[in-house]
$ cat data.cif   # mmCIF, C-alpha atoms and all ligand atoms
data_my_file
loop_
_atom_site.group_PDB
_atom_site.id
_atom_site.type_symbol
_atom_site.label_atom_id
_atom_site.label_comp_id
_atom_site.auth_asym_id
_atom_site.auth_seq_id
_atom_site.Cartn_x
_atom_site.Cartn_y
_atom_site.Cartn_z
ATOM 1 C CA MET A 1 -9.697 -5.434 -0.033
ATOM 2 C CA LYS A 2 -6.307 -5.421 1.718
ATOM 3 C CA PHE A 3 -3.348 -3.863 -0.066
ATOM 4 C CA ALA A 4 0.388 -4.591 0.000
ATOM 5 C CA LEU A 5 3.136 -2.738 -1.864
ATOM 6 C CA VAL A 6 6.273 -4.657 -2.842
ATOM 7 C CA THR A 7 9.125 -2.688 -4.421
ATOM 8 C CA GLY A 8 11.235 -4.443 -7.035
ATOM 9 C CA GLY A 9 8.496 -6.989 -7.667
ATOM 10 C CA SER A 10 9.304 -7.707 -11.300
ATOM 11 C CA ARG A 11 12.218 -10.071 -10.774
ATOM 12 C CA GLY A 12 14.181 -12.194 -8.307
ATOM 13 C CA ILE A 13 13.326 -12.108 -4.621
ATOM 14 C CA GLY A 14 10.642 -9.427 -5.099
ATOM 15 C CA LYS A 15 8.747 -11.546 -7.629
ATOM 16 C CA SER A 16 8.566 -14.445 -5.158
ATOM 17 C CA ILE A 17 7.485 -12.083 -2.376
ATOM 18 C CA CYS A 18 4.628 -10.753 -4.542
ATOM 19 C CA LEU A 19 3.371 -14.268 -5.274
ATOM 20 C CA LYS A 20 3.475 -15.366 -1.640
ATOM 21 C CA ILE A 21 1.925 -12.172 -0.255
ATOM 22 C CA ALA A 22 -0.918 -12.563 -2.751
ATOM 23 C CA GLU A 23 -1.541 -15.982 -1.183
ATOM 24 C CA LEU A 24 -2.177 -14.188 2.135
ATOM 25 C CA GLY A 25 -5.145 -12.531 0.423
ATOM 26 C CA TYR A 26 -3.532 -9.204 -0.393
ATOM 27 C CA HIS A 27 -4.086 -7.214 -3.563
ATOM 28 C CA VAL A 28 -0.420 -6.750 -4.437
ATOM 29 C CA ILE A 29 0.889 -3.483 -5.837
ATOM 30 C CA ILE A 30 3.935 -4.512 -7.834
ATOM 31 C CA ASN A 31 6.552 -1.793 -8.131
ATOM 32 C CA TYR A 32 9.443 -2.013 -10.596
ATOM 33 C CA ARG A 33 11.712 0.353 -12.501
ATOM 34 C CA SER A 34 11.855 -0.664 -16.157
ATOM 35 C CA ASN A 35 11.203 -4.330 -16.920
ATOM 36 C CA ASP A 36 7.547 -4.186 -18.059
ATOM 37 C CA LYS A 37 7.623 -7.761 -19.343
ATOM 38 C CA GLU A 38 8.747 -9.297 -16.061
ATOM 39 C CA ALA A 39 6.391 -7.082 -14.033
ATOM 40 C CA GLU A 40 3.466 -8.254 -16.216
ATOM 41 C CA ASP A 41 4.661 -11.818 -15.677
ATOM 42 C CA THR A 42 4.494 -11.349 -11.878
ATOM 43 C CA LEU A 43 0.955 -9.979 -12.154
ATOM 44 C CA ASN A 44 -0.144 -12.797 -14.478
ATOM 45 C CA LYS A 45 1.273 -15.417 -12.124
ATOM 46 C CA ILE A 46 -0.650 -13.869 -9.214
ATOM 47 C CA LYS A 47 -3.863 -13.895 -11.242
ATOM 48 C CA THR A 48 -3.320 -17.472 -12.423
ATOM 49 C CA SER A 49 -3.102 -18.523 -8.768
ATOM 50 C CA GLY A 50 -6.417 -16.812 -8.018
ATOM 51 C CA GLY A 51 -5.006 -13.609 -6.526
ATOM 52 C CA ASN A 52 -5.064 -10.019 -7.689
ATOM 53 C CA GLY A 53 -2.774 -7.058 -8.042
ATOM 54 C CA GLU A 54 -1.658 -4.125 -10.151
ATOM 55 C CA LEU A 55 1.536 -2.568 -11.452
ATOM 56 C CA MET A 56 3.049 0.634 -10.100
ATOM 57 C CA LYS A 57 6.100 1.641 -12.115
ATOM 58 C CA PHE A 58 8.404 4.144 -10.427
ATOM 59 C CA ASP A 59 12.067 4.580 -9.665
ATOM 60 C CA VAL A 60 12.571 4.074 -5.919
ATOM 61 C CA SER A 61 15.639 6.313 -6.022
ATOM 62 C CA ASN A 62 13.526 9.278 -7.143
ATOM 63 C CA PRO A 63 11.571 11.009 -4.329
ATOM 64 C CA GLU A 64 9.319 12.927 -6.768
ATOM 65 C CA GLU A 65 8.322 9.760 -8.616
ATOM 66 C CA ILE A 66 7.621 7.996 -5.311
ATOM 67 C CA LYS A 67 5.406 10.835 -4.140
ATOM 68 C CA SER A 68 3.468 11.257 -7.360
ATOM 69 C CA SER A 69 2.897 7.508 -7.844
ATOM 70 C CA ILE A 70 1.677 6.922 -4.292
ATOM 71 C CA ASP A 71 -0.397 10.137 -4.200
ATOM 72 C CA ASN A 72 -1.993 9.181 -7.490
ATOM 73 C CA TRP A 73 -2.855 5.703 -6.126
ATOM 74 C CA LYS A 74 -4.317 7.238 -2.958
ATOM 75 C CA GLU A 75 -6.477 9.609 -4.998
ATOM 76 C CA LYS A 76 -7.891 6.665 -6.936
ATOM 77 C CA ASN A 77 -8.372 4.589 -3.760
ATOM 78 C CA PRO A 78 -9.444 7.176 -1.171
ATOM 79 C CA ASP A 79 -10.867 4.626 1.285
ATOM 80 C CA SER A 80 -8.026 2.124 1.061
ATOM 81 C CA ILE A 81 -4.857 1.714 3.068
ATOM 82 C CA ILE A 82 -1.643 0.001 2.075
ATOM 83 C CA GLU A 83 -1.082 -1.989 5.256
ATOM 84 C CA VAL A 84 1.943 -4.034 4.144
ATOM 85 C CA LEU A 85 5.084 -2.481 2.696
ATOM 86 C CA VAL A 86 8.037 -4.560 1.545
ATOM 87 C CA ASN A 87 11.050 -2.416 0.676
ATOM 88 C CA ASN A 88 12.832 -4.924 -1.527
ATOM 89 C CA ALA A 89 14.127 -3.070 -4.623
ATOM 90 C CA GLY A 90 17.889 -2.825 -4.581
ATOM 91 C CA ILE A 91 21.016 -2.599 -6.671
ATOM 92 C CA ARG A 92 24.696 -3.106 -6.121
ATOM 93 C CA LYS A 93 27.602 -1.378 -7.858
ATOM 94 C CA ASP A 94 30.683 -2.951 -6.342
ATOM 95 C CA ALA A 95 34.194 -1.461 -6.379
ATOM 96 C CA LEU A 96 37.034 -1.022 -3.939
ATOM 97 C CA ILE A 97 36.671 2.417 -2.412
ATOM 98 C CA VAL A 98 39.731 3.803 -4.181
ATOM 99 C CA TRP A 99 38.146 2.956 -7.541
ATOM 100 C CA MET A 100 34.559 3.802 -6.596
ATOM 101 C CA LYS A 101 32.880 6.471 -8.708
ATOM 102 C CA ASP A 102 30.935 9.109 -6.807
ATOM 103 C CA GLU A 103 27.810 8.331 -8.820
ATOM 104 C CA ASP A 104 28.036 4.640 -7.874
ATOM 105 C CA TRP A 105 28.160 5.590 -4.204
ATOM 106 C CA LYS A 106 25.151 7.880 -4.632
ATOM 107 C CA ASP A 107 23.108 5.488 -6.801
ATOM 108 C CA VAL A 108 23.475 2.665 -4.325
ATOM 109 C CA ILE A 109 22.653 4.863 -1.322
ATOM 110 C CA ASN A 110 19.664 6.441 -3.079
ATOM 111 C CA THR A 111 18.236 3.139 -4.328
ATOM 112 C CA ASN A 112 18.785 1.041 -1.210
ATOM 113 C CA LEU A 113 18.630 3.528 1.675
ATOM 114 C CA ASP A 114 16.906 6.782 0.688
ATOM 115 C CA SER A 115 14.100 4.759 -0.921
ATOM 116 C CA PHE A 116 13.350 3.235 2.472
ATOM 117 C CA TYR A 117 12.950 6.735 3.938
ATOM 118 C CA TYR A 118 10.800 8.268 1.211
ATOM 119 C CA ILE A 119 8.487 5.301 0.623
ATOM 120 C CA THR A 120 8.032 4.391 4.281
ATOM 121 C CA LYS A 121 7.405 7.997 5.273
ATOM 122 C CA HIS A 122 4.679 8.227 2.665
ATOM 123 C CA LEU A 123 2.811 5.142 3.863
ATOM 124 C CA VAL A 124 3.443 4.845 7.574
ATOM 125 C CA GLN A 125 1.026 7.576 8.645
ATOM 126 C CA ASP A 126 -1.951 5.593 7.323
ATOM 127 C CA MET A 127 -0.721 2.451 9.101
ATOM 128 C CA ILE A 128 -0.417 4.366 12.370
ATOM 129 C CA VAL A 129 -3.921 5.808 12.077
ATOM 130 C CA ASN A 130 -5.260 2.373 11.132
ATOM 131 C CA LYS A 131 -3.400 0.818 14.099
ATOM 132 C CA TYR A 132 -2.084 -2.004 11.933
ATOM 133 C CA GLY A 133 0.863 -2.307 9.627
ATOM 134 C CA ARG A 134 3.771 -4.484 8.538
ATOM 135 C CA ILE A 135 6.987 -3.061 7.122
ATOM 136 C CA VAL A 136 9.609 -5.534 5.959
ATOM 137 C CA ASN A 137 12.947 -4.394 4.568
ATOM 138 C CA VAL A 138 15.165 -6.633 2.485
ATOM 139 C CA VAL A 139 18.720 -5.849 3.559
ATOM 140 C CA SER A 140 21.833 -8.020 3.264
ATOM 141 C CA LEU A 141 24.575 -9.906 5.020
ATOM 142 C CA SER A 142 26.722 -7.071 3.664
ATOM 143 C CA GLY A 143 24.861 -4.599 5.892
ATOM 144 C CA ILE A 144 25.554 -6.669 9.001
ATOM 145 C CA LYS A 145 29.202 -7.660 8.638
ATOM 146 C CA GLY A 146 30.362 -5.420 5.791
ATOM 147 C CA LEU A 147 31.877 -6.952 2.664
ATOM 148 C CA PRO A 148 35.002 -5.722 0.871
ATOM 149 C CA GLY A 149 34.199 -4.029 -2.434
ATOM 150 C CA GLN A 150 30.799 -3.005 -1.120
ATOM 151 C CA THR A 151 31.333 0.059 1.067
ATOM 152 C CA ASN A 152 28.392 1.736 -0.677
ATOM 153 C CA TYR A 153 26.079 -1.295 -0.453
ATOM 154 C CA SER A 154 27.130 -2.174 3.120
ATOM 155 C CA ALA A 155 26.541 1.437 4.197
ATOM 156 C CA ALA A 156 23.097 1.496 2.585
ATOM 157 C CA LYS A 157 21.920 -1.844 3.969
ATOM 158 C CA GLY A 158 23.452 -1.152 7.395
ATOM 159 C CA GLY A 159 21.645 2.182 7.361
ATOM 160 C CA VAL A 160 18.308 0.487 6.668
ATOM 161 C CA ILE A 161 18.913 -1.936 9.541
ATOM 162 C CA ALA A 162 19.606 0.875 12.013
ATOM 163 C CA ALA A 163 16.676 2.951 10.739
ATOM 164 C CA SER A 164 14.356 -0.055 11.014
ATOM 165 C CA LYS A 165 15.331 -0.603 14.655
ATOM 166 C CA ALA A 166 14.657 3.061 15.434
ATOM 167 C CA LEU A 167 11.347 3.156 13.573
ATOM 168 C CA ALA A 168 10.205 -0.119 15.155
ATOM 169 C CA GLN A 169 10.431 1.535 18.564
ATOM 170 C CA GLU A 170 8.718 4.732 17.355
ATOM 171 C CA ILE A 171 5.591 2.941 16.170
ATOM 172 C CA ALA A 172 5.406 -0.329 18.122
ATOM 173 C CA LYS A 173 2.522 0.958 20.258
ATOM 174 C CA LYS A 174 0.487 1.529 17.114
ATOM 175 C CA ASN A 175 0.690 -2.152 16.179
ATOM 176 C CA VAL A 176 2.927 -1.424 13.216
ATOM 177 C CA THR A 177 5.969 -3.709 13.037
ATOM 178 C CA VAL A 178 9.243 -3.060 11.233
ATOM 179 C CA ASN A 179 11.632 -5.904 10.512
ATOM 180 C CA CYS A 180 14.488 -6.776 8.180
ATOM 181 C CA VAL A 181 15.527 -9.911 6.380
ATOM 182 C CA ALA A 182 19.191 -10.228 5.487
ATOM 183 C CA PRO A 183 19.890 -12.679 2.667
ATOM 184 C CA GLY A 184 23.358 -14.094 2.012
ATOM 185 C CA PHE A 185 23.967 -15.413 -1.516
ATOM 186 C CA ILE A 186 20.667 -15.932 -3.337
ATOM 187 C CA ARG A 187 20.413 -17.120 -6.952
ATOM 188 C CA THR A 188 18.907 -14.166 -8.868
ATOM 189 C CA ASP A 189 19.947 -11.790 -11.661
ATOM 190 C CA MET A 190 21.865 -9.793 -9.029
ATOM 191 C CA THR A 191 24.261 -12.684 -8.381
ATOM 192 C CA LYS A 192 24.332 -14.332 -11.790
ATOM 193 C CA GLU A 193 27.875 -13.210 -12.585
ATOM 194 C CA LEU A 194 29.266 -14.460 -9.256
ATOM 195 C CA GLU A 195 31.309 -17.679 -9.133
ATOM 196 C CA GLU A 196 28.825 -19.919 -7.332
ATOM 197 C CA LYS A 197 31.222 -22.892 -7.477
ATOM 198 C CA GLU A 198 33.892 -20.968 -5.568
ATOM 199 C CA LEU A 199 31.627 -19.073 -3.202
ATOM 200 C CA LYS A 200 29.551 -22.027 -2.084
ATOM 201 C CA ARG A 201 32.646 -23.404 -0.326
ATOM 202 C CA LEU A 202 32.216 -20.572 2.183
ATOM 203 C CA ILE A 203 28.610 -21.509 2.894
ATOM 204 C CA PRO A 204 27.949 -24.240 5.491
ATOM 205 C CA MET A 205 24.932 -25.434 3.467
ATOM 206 C CA SER A 206 27.160 -25.553 0.396
ATOM 207 C CA ARG A 207 24.742 -23.831 -1.959
ATOM 208 C CA PHE A 208 23.224 -20.474 -2.841
ATOM 209 C CA GLY A 209 19.713 -19.885 -1.546
ATOM 210 C CA ASN A 210 16.724 -19.332 -3.765
ATOM 211 C CA ALA A 211 14.252 -16.466 -3.916
ATOM 212 C CA GLU A 212 11.368 -18.533 -2.488
ATOM 213 C CA GLU A 213 13.343 -19.265 0.679
ATOM 214 C CA VAL A 214 13.740 -15.540 1.305
ATOM 215 C CA ALA A 215 10.133 -14.794 0.334
ATOM 216 C CA ASP A 216 8.805 -17.302 2.876
ATOM 217 C CA VAL A 217 10.443 -15.440 5.759
ATOM 218 C CA VAL A 218 9.411 -12.036 4.401
ATOM 219 C CA THR A 219 5.822 -13.267 4.056
ATOM 220 C CA PHE A 220 5.753 -14.525 7.630
ATOM 221 C CA LEU A 221 6.963 -11.115 8.878
ATOM 222 C CA ALA A 222 4.366 -9.418 6.654
ATOM 223 C CA SER A 223 1.560 -11.561 8.051
ATOM 224 C CA PRO A 224 -0.627 -11.078 11.125
ATOM 225 C CA LYS A 225 1.144 -14.131 12.618
ATOM 226 C CA ALA A 226 4.315 -12.097 13.264
ATOM 227 C CA SER A 227 2.404 -9.871 15.670
ATOM 228 C CA TYR A 228 5.028 -9.736 18.451
ATOM 229 C CA VAL A 229 8.163 -9.519 16.281
ATOM 230 C CA THR A 230 9.541 -6.046 15.674
ATOM 231 C CA GLY A 231 12.942 -4.396 15.266
ATOM 232 C CA GLU A 232 14.482 -7.731 14.241
ATOM 233 C CA VAL A 233 16.912 -8.741 11.518
ATOM 234 C CA ILE A 234 16.562 -12.328 10.322
ATOM 235 C CA SER A 235 19.476 -13.746 8.366
ATOM 236 C CA ILE A 236 18.801 -16.163 5.510
ATOM 237 C CA ASN A 237 22.229 -17.313 4.455
ATOM 238 C CA GLY A 238 22.693 -21.063 4.755
ATOM 239 C CA GLY A 239 24.706 -20.724 7.946
ATOM 240 C CA LEU A 240 27.260 -18.072 6.951
ATOM 241 C CA TYR A 241 28.577 -16.572 10.161
ATOM 242 C CA THR A 242 27.288 -13.046 10.683
HETATM 243 P P1 LIG B 1 17.347 -8.507 -8.868
HETATM 244 O O1 LIG B 1 17.078 -9.890 -9.304
HETATM 245 O O2 LIG B 1 18.440 -7.734 -9.511
HETATM 246 O O3 LIG B 1 15.954 -7.673 -8.982
HETATM 247 C C1 LIG B 1 15.966 -6.341 -8.604
HETATM 248 C C2 LIG B 1 14.536 -5.827 -8.588
HETATM 249 O O4 LIG B 1 14.564 -4.481 -8.079
HETATM 250 C C3 LIG B 1 13.897 -5.765 -9.954
HETATM 251 O O5 LIG B 1 12.529 -6.018 -9.813
HETATM 252 C C4 LIG B 1 14.150 -4.320 -10.388
HETATM 253 O O6 LIG B 1 13.204 -3.806 -11.307
HETATM 254 C C5 LIG B 1 14.003 -3.609 -9.049
HETATM 255 N N1 LIG B 1 14.694 -2.330 -9.005
HETATM 256 C C6 LIG B 1 16.026 -2.082 -9.064
HETATM 257 N N2 LIG B 1 16.260 -0.767 -8.999
HETATM 258 C C7 LIG B 1 15.044 -0.159 -8.900
HETATM 259 C C8 LIG B 1 14.623 1.187 -8.822
HETATM 260 N N3 LIG B 1 15.510 2.193 -8.828
HETATM 261 N N4 LIG B 1 13.294 1.443 -8.731
HETATM 262 C C9 LIG B 1 12.382 0.425 -8.730
HETATM 263 N N5 LIG B 1 12.726 -0.866 -8.796
HETATM 264 C C10 LIG B 1 14.047 -1.153 -8.895
HETATM 265 O O7 LIG B 1 17.664 -8.441 -7.304
HETATM 266 P P2 LIG B 1 17.383 -9.501 -6.125
HETATM 267 O O8 LIG B 1 18.549 -10.393 -6.017
HETATM 268 O O9 LIG B 1 16.021 -10.060 -6.262
HETATM 269 O O10 LIG B 1 17.449 -8.495 -4.873
HETATM 270 C C11 LIG B 1 16.299 -8.073 -4.169
HETATM 271 C C12 LIG B 1 16.760 -7.443 -2.864
HETATM 272 O O11 LIG B 1 17.509 -8.399 -2.115
HETATM 273 C C13 LIG B 1 17.685 -6.242 -3.039
HETATM 274 O O12 LIG B 1 17.405 -5.263 -2.083
HETATM 275 C C14 LIG B 1 19.068 -6.832 -2.803
HETATM 276 O O13 LIG B 1 19.960 -5.847 -2.354
HETATM 277 C C15 LIG B 1 18.744 -7.845 -1.734
HETATM 278 N N6 LIG B 1 19.736 -8.923 -1.616
HETATM 279 C C16 LIG B 1 19.939 -9.801 -2.637
HETATM 280 C C17 LIG B 1 20.881 -10.804 -2.467
HETATM 281 C C18 LIG B 1 21.175 -11.832 -3.527
HETATM 282 O O14 LIG B 1 22.073 -12.651 -3.324
HETATM 283 N N7 LIG B 1 20.442 -11.864 -4.625
HETATM 284 C C19 LIG B 1 21.621 -10.889 -1.290
HETATM 285 C C20 LIG B 1 21.370 -9.971 -0.288
HETATM 286 C C21 LIG B 1 20.424 -8.996 -0.455
HETATM 287 P P3 LIG B 1 13.393 -3.966 -12.920
HETATM 288 O O15 LIG B 1 13.082 -5.417 -13.222
HETATM 289 O O16 LIG B 1 12.387 -3.050 -13.516
HETATM 290 O O17 LIG B 1 14.803 -3.628 -13.234
#
$ encode --input "data.cif" --output "structure tokens"
Amino acid sequence: MKFALVTGGSRGIGKSICLKIAELGYHVIINYRSNDKEAEDTLNKIKTSGGNGELMKFDVSNPEEIKSSIDNWKEKNPDSIIEVLVNNAGIRKDALIVWMKDEDWKDVINTNLDSFYYITKHLVQDMIVNKYGRIVNVVSLSGIKGLPGQTNYSAAKGGVIAASKALAQEIAKKNVTVNCVAPGFIRTDMTKELEEKELKRLIPMSRFGNAEEVADVVTFLASPKASYVTGEVISINGGLYT
């Protein structure tokens, strides 16, 4: 059996990624933080389509929880390797910097950036030894161009982009690729309070994207077909200039 771990797989973009990666034949390990009902729904949908998976509940902003959850899984599956990792879980806590609370800076950095470090570090060694791996990081337009009101989020996503480019070069020889996808405005819970009517005027395609459109690109990068793509950032934003 081949294993893939998708963080933030209970809702939104992560849910779609789980479903599509299962179609590649992976047993999908669905991480989430708190929404048991939606995580179960992702797993049920995978099973209904003939795939398989399991839940792995942990907070990606907590290094101890990451370590214990992954170590526990490895103990139970001593001969198995997680060969695909999608770092998708993320949050935003927007405010102009003068109004930003220190904890909102830290939460966003820990959840979006530090999680990349702790989770990837824990899994990459096995990929290197196995001489095969796919790491895909879901970043954001905000991490490429910066968006006002999002200094914390832009810093975190920009940090993941830079780290991905560095790591891609470190491990390219071992046949482990590291890429990013950078969505613009995608219709999920994260954007539900945004004024789509107003914002879509800025988008050449005149609409928000949907989770499946992002998941398709992530799944390509997570597949064996993307064998010569590494260190890249692919924007999925309906033509917004980046
Ligand atoms: P979403 O609908 O809000 O879903 C977030 C997912 O992440 C949920 O599954 C949630 O789990 C999980 N999560 C959040 N914090 C977590 C934590 N500390 N530990 C474990 N899981 C956690 O978000 P989305 O729109 O699908 O966003 C997915 C990714 O795309 C994020 O990295 C986001 O920054 C990025 N992105 C989104 C957009 C957009 O327009 N939507 C644009 C650019 C980039 P629970 O269900 O348990 O809460």
$ closest_residue --input "data.cif" --among "A:Ala211, A:Val139, A:Val176, A:Ala22" --to "Gly50 in chain A" --atoms "only C-alpha atoms"
A:Ala22
$ atom_distance --input "data.cif" --atom1 "CA of Asn137 in chain A" --atom2 "CA of Asn152 in chain A"
17.4 Å
$ residues_around --input "data.cif" --residues "Glu213 in chain A" --least-positions-apart "6" --cutoff "12 Å" --atoms "all atoms listed in the file" --output "VMD selection string"
chain A and resid 12 to 14 16 to 17 20 181 to 187 219 to 220 235 to 238
$ residues_around --input "data.cif" --residues "Gln125 in chain A" --least-positions-apart "3" --cutoff "12 Å" --atoms "all atoms listed in the file" --output "ChimeraX atom specification"
/A:81-83,119-122,128-133,170-171,174,176
$ residues_near_ligand --input "data.cif" --ligand "ligand LIG 1 (chain B)" --cutoff "6 Å" --atoms "only C-alpha atoms and all ligand atoms" --output "ChimeraX atom specification"
/A:7-14,32-35,58-61,88-91,111,138-140,183-191
$ residues_around --input "data.cif" --residues "Ile135 in chain A" --least-positions-apart "6" --cutoff "10 Å" --atoms "only C-alpha atoms" --output "count of residues only"
23
$ atom_distance --input "data.cif" --atom1 "CA of Tyr153 in chain A" --atom2 "CA of Trp105 in chain A"
8.1 Å
$ closest_residue --input "data.cif" --among "A:Ala156, A:Asp79, A:Ile70, A:Leu141" --to "Asn110 in chain A" --atoms "only C-alpha atoms"
A:Ala156
$ closest_residue --input "data.cif" --among "A:Asn175, A:Glu212, A:Ile144, A:Val217" --to "Leu240 in chain A" --atoms "all atoms listed in the file"
A:Ile144
$ closest_residue --input "data.cif" --among "A:Lys192, A:Asp114, A:Lys57, A:Tyr228" --to "Ser69 in chain A" --atoms "only C-alpha atoms"
A:Lys57
$ atom_distance --input "data.cif" --atom1 "CA of Tyr117 in chain A" --atom2 "CA of Val160 in chain A"
8.7 Å
$ axis_aligned_box --input "data.cif" --around "range 226-240 of chain A" --padding-each-side "6 Å" --output "lines of an AutoDock Vina configuration file"
center_x = 14.8
center_y = -12.7
center_z = 11.5
size_x = 36.9
size_y = 28.7
size_z = 26.0
$ resolve_selection --input "data.cif" --expression "the PyMOL selection byres (((chain A and resi 96) around 8) and not hetatm)" --output "list of chain:residue names"
A:Asp94, A:Ala95, A:Ile97, A:Val98, A:Trp99, A:Met100, A:Pro148, A:Gly149, A:Gln150, A:Thr151
$ closest_residue --input "data.cif" --among "A:Leu24, A:Ala172, A:Met205, A:Cys18" --to "Leu55 in chain A" --atoms "all atoms listed in the file"
A:Cys18
$ resolve_selection --input "data.cif" --expression "the PyMOL selection byres (((chain A and resi 43-46) around 10) and not hetatm)" --output "list in words"
Gly9, Ser10, Lys15, Cys18, Leu19, Lys20, Ile21, Ala22, Glu23, His27, Val28, Ile29, Ile30, Glu38, Ala39, Glu40, Asp41, Thr42, Lys47, Thr48, Ser49, Gly50, Gly51, Asn52, Gly53, Glu54 and Leu55 of chain A
$ closest_residue --input "data.cif" --among "A:Arg134, A:Lys74, A:Lys145, A:Lys200" --to "Lys157 in chain A" --atoms "all atoms listed in the file"
A:Lys145
$ build_atoms --input "data.cif" --residues "range 48-59 of chain A" --atoms "N, CA and C atoms" --output "PDB file, in the coordinates of the input"
ATOM      1  N   THR A  48      -3.154 -16.045 -12.119  1.00  0.00           N
ATOM      2  CA  THR A  48      -3.320 -17.472 -12.423  1.00  0.00           C
ATOM      3  C   THR A  48      -3.545 -18.272 -11.141  1.00  0.00           C
ATOM      4  N   SER A  49      -2.926 -17.809 -10.045  1.00  0.00           N
ATOM      5  CA  SER A  49      -3.102 -18.523  -8.768  1.00  0.00           C
ATOM      6  C   SER A  49      -4.349 -18.055  -8.017  1.00  0.00           C
ATOM      7  N   GLY A  50      -5.155 -17.221  -8.649  1.00  0.00           N
ATOM      8  CA  GLY A  50      -6.417 -16.812  -8.018  1.00  0.00           C
ATOM      9  C   GLY A  50      -6.320 -15.524  -7.212  1.00  0.00           C
ATOM     10  N   GLY A  51      -5.170 -14.867  -7.260  1.00  0.00           N
ATOM     11  CA  GLY A  51      -5.006 -13.609  -6.526  1.00  0.00           C
ATOM     12  C   GLY A  51      -5.240 -12.404  -7.427  1.00  0.00           C
ATOM     13  N   ASN A  52      -4.914 -11.227  -6.888  1.00  0.00           N
ATOM     14  CA  ASN A  52      -5.064 -10.019  -7.689  1.00  0.00           C
ATOM     15  C   ASN A  52      -3.985  -9.000  -7.353  1.00  0.00           C
ATOM     16  N   GLY A  53      -3.802  -8.066  -8.262  1.00  0.00           N
ATOM     17  CA  GLY A  53      -2.774  -7.058  -8.042  1.00  0.00           C
ATOM     18  C   GLY A  53      -2.786  -6.022  -9.137  1.00  0.00           C
ATOM     19  N   GLU A  54      -1.796  -5.156  -9.115  1.00  0.00           N
ATOM     20  CA  GLU A  54      -1.658  -4.125 -10.151  1.00  0.00           C
ATOM     21  C   GLU A  54      -0.198  -3.705 -10.209  1.00  0.00           C
ATOM     22  N   LEU A  55       0.151  -3.033 -11.308  1.00  0.00           N
ATOM     23  CA  LEU A  55       1.536  -2.568 -11.452  1.00  0.00           C
ATOM     24  C   LEU A  55       1.644  -1.108 -11.024  1.00  0.00           C
ATOM     25  N   MET A  56       2.773  -0.765 -10.428  1.00  0.00           N
ATOM     26  CA  MET A  56       3.049   0.634 -10.100  1.00  0.00           C
ATOM     27  C   MET A  56       4.520   0.905 -10.423  1.00  0.00           C
ATOM     28  N   LYS A  57       4.726   1.439 -11.642  1.00  0.00           N
ATOM     29  CA  LYS A  57       6.100   1.641 -12.115  1.00  0.00           C
ATOM     30  C   LYS A  57       6.651   2.964 -11.597  1.00  0.00           C
ATOM     31  N   PHE A  58       7.676   2.920 -10.782  1.00  0.00           N
ATOM     32  CA  PHE A  58       8.404   4.144 -10.427  1.00  0.00           C
ATOM     33  C   PHE A  58       9.808   3.785  -9.980  1.00  0.00           C
ATOM     34  N   ASP A  59      10.671   4.777 -10.055  1.00  0.00           N
ATOM     35  CA  ASP A  59      12.067   4.580  -9.665  1.00  0.00           C
ATOM     36  C   ASP A  59      12.194   4.880  -8.168  1.00  0.00           C
TER      37      ASP A  59
END
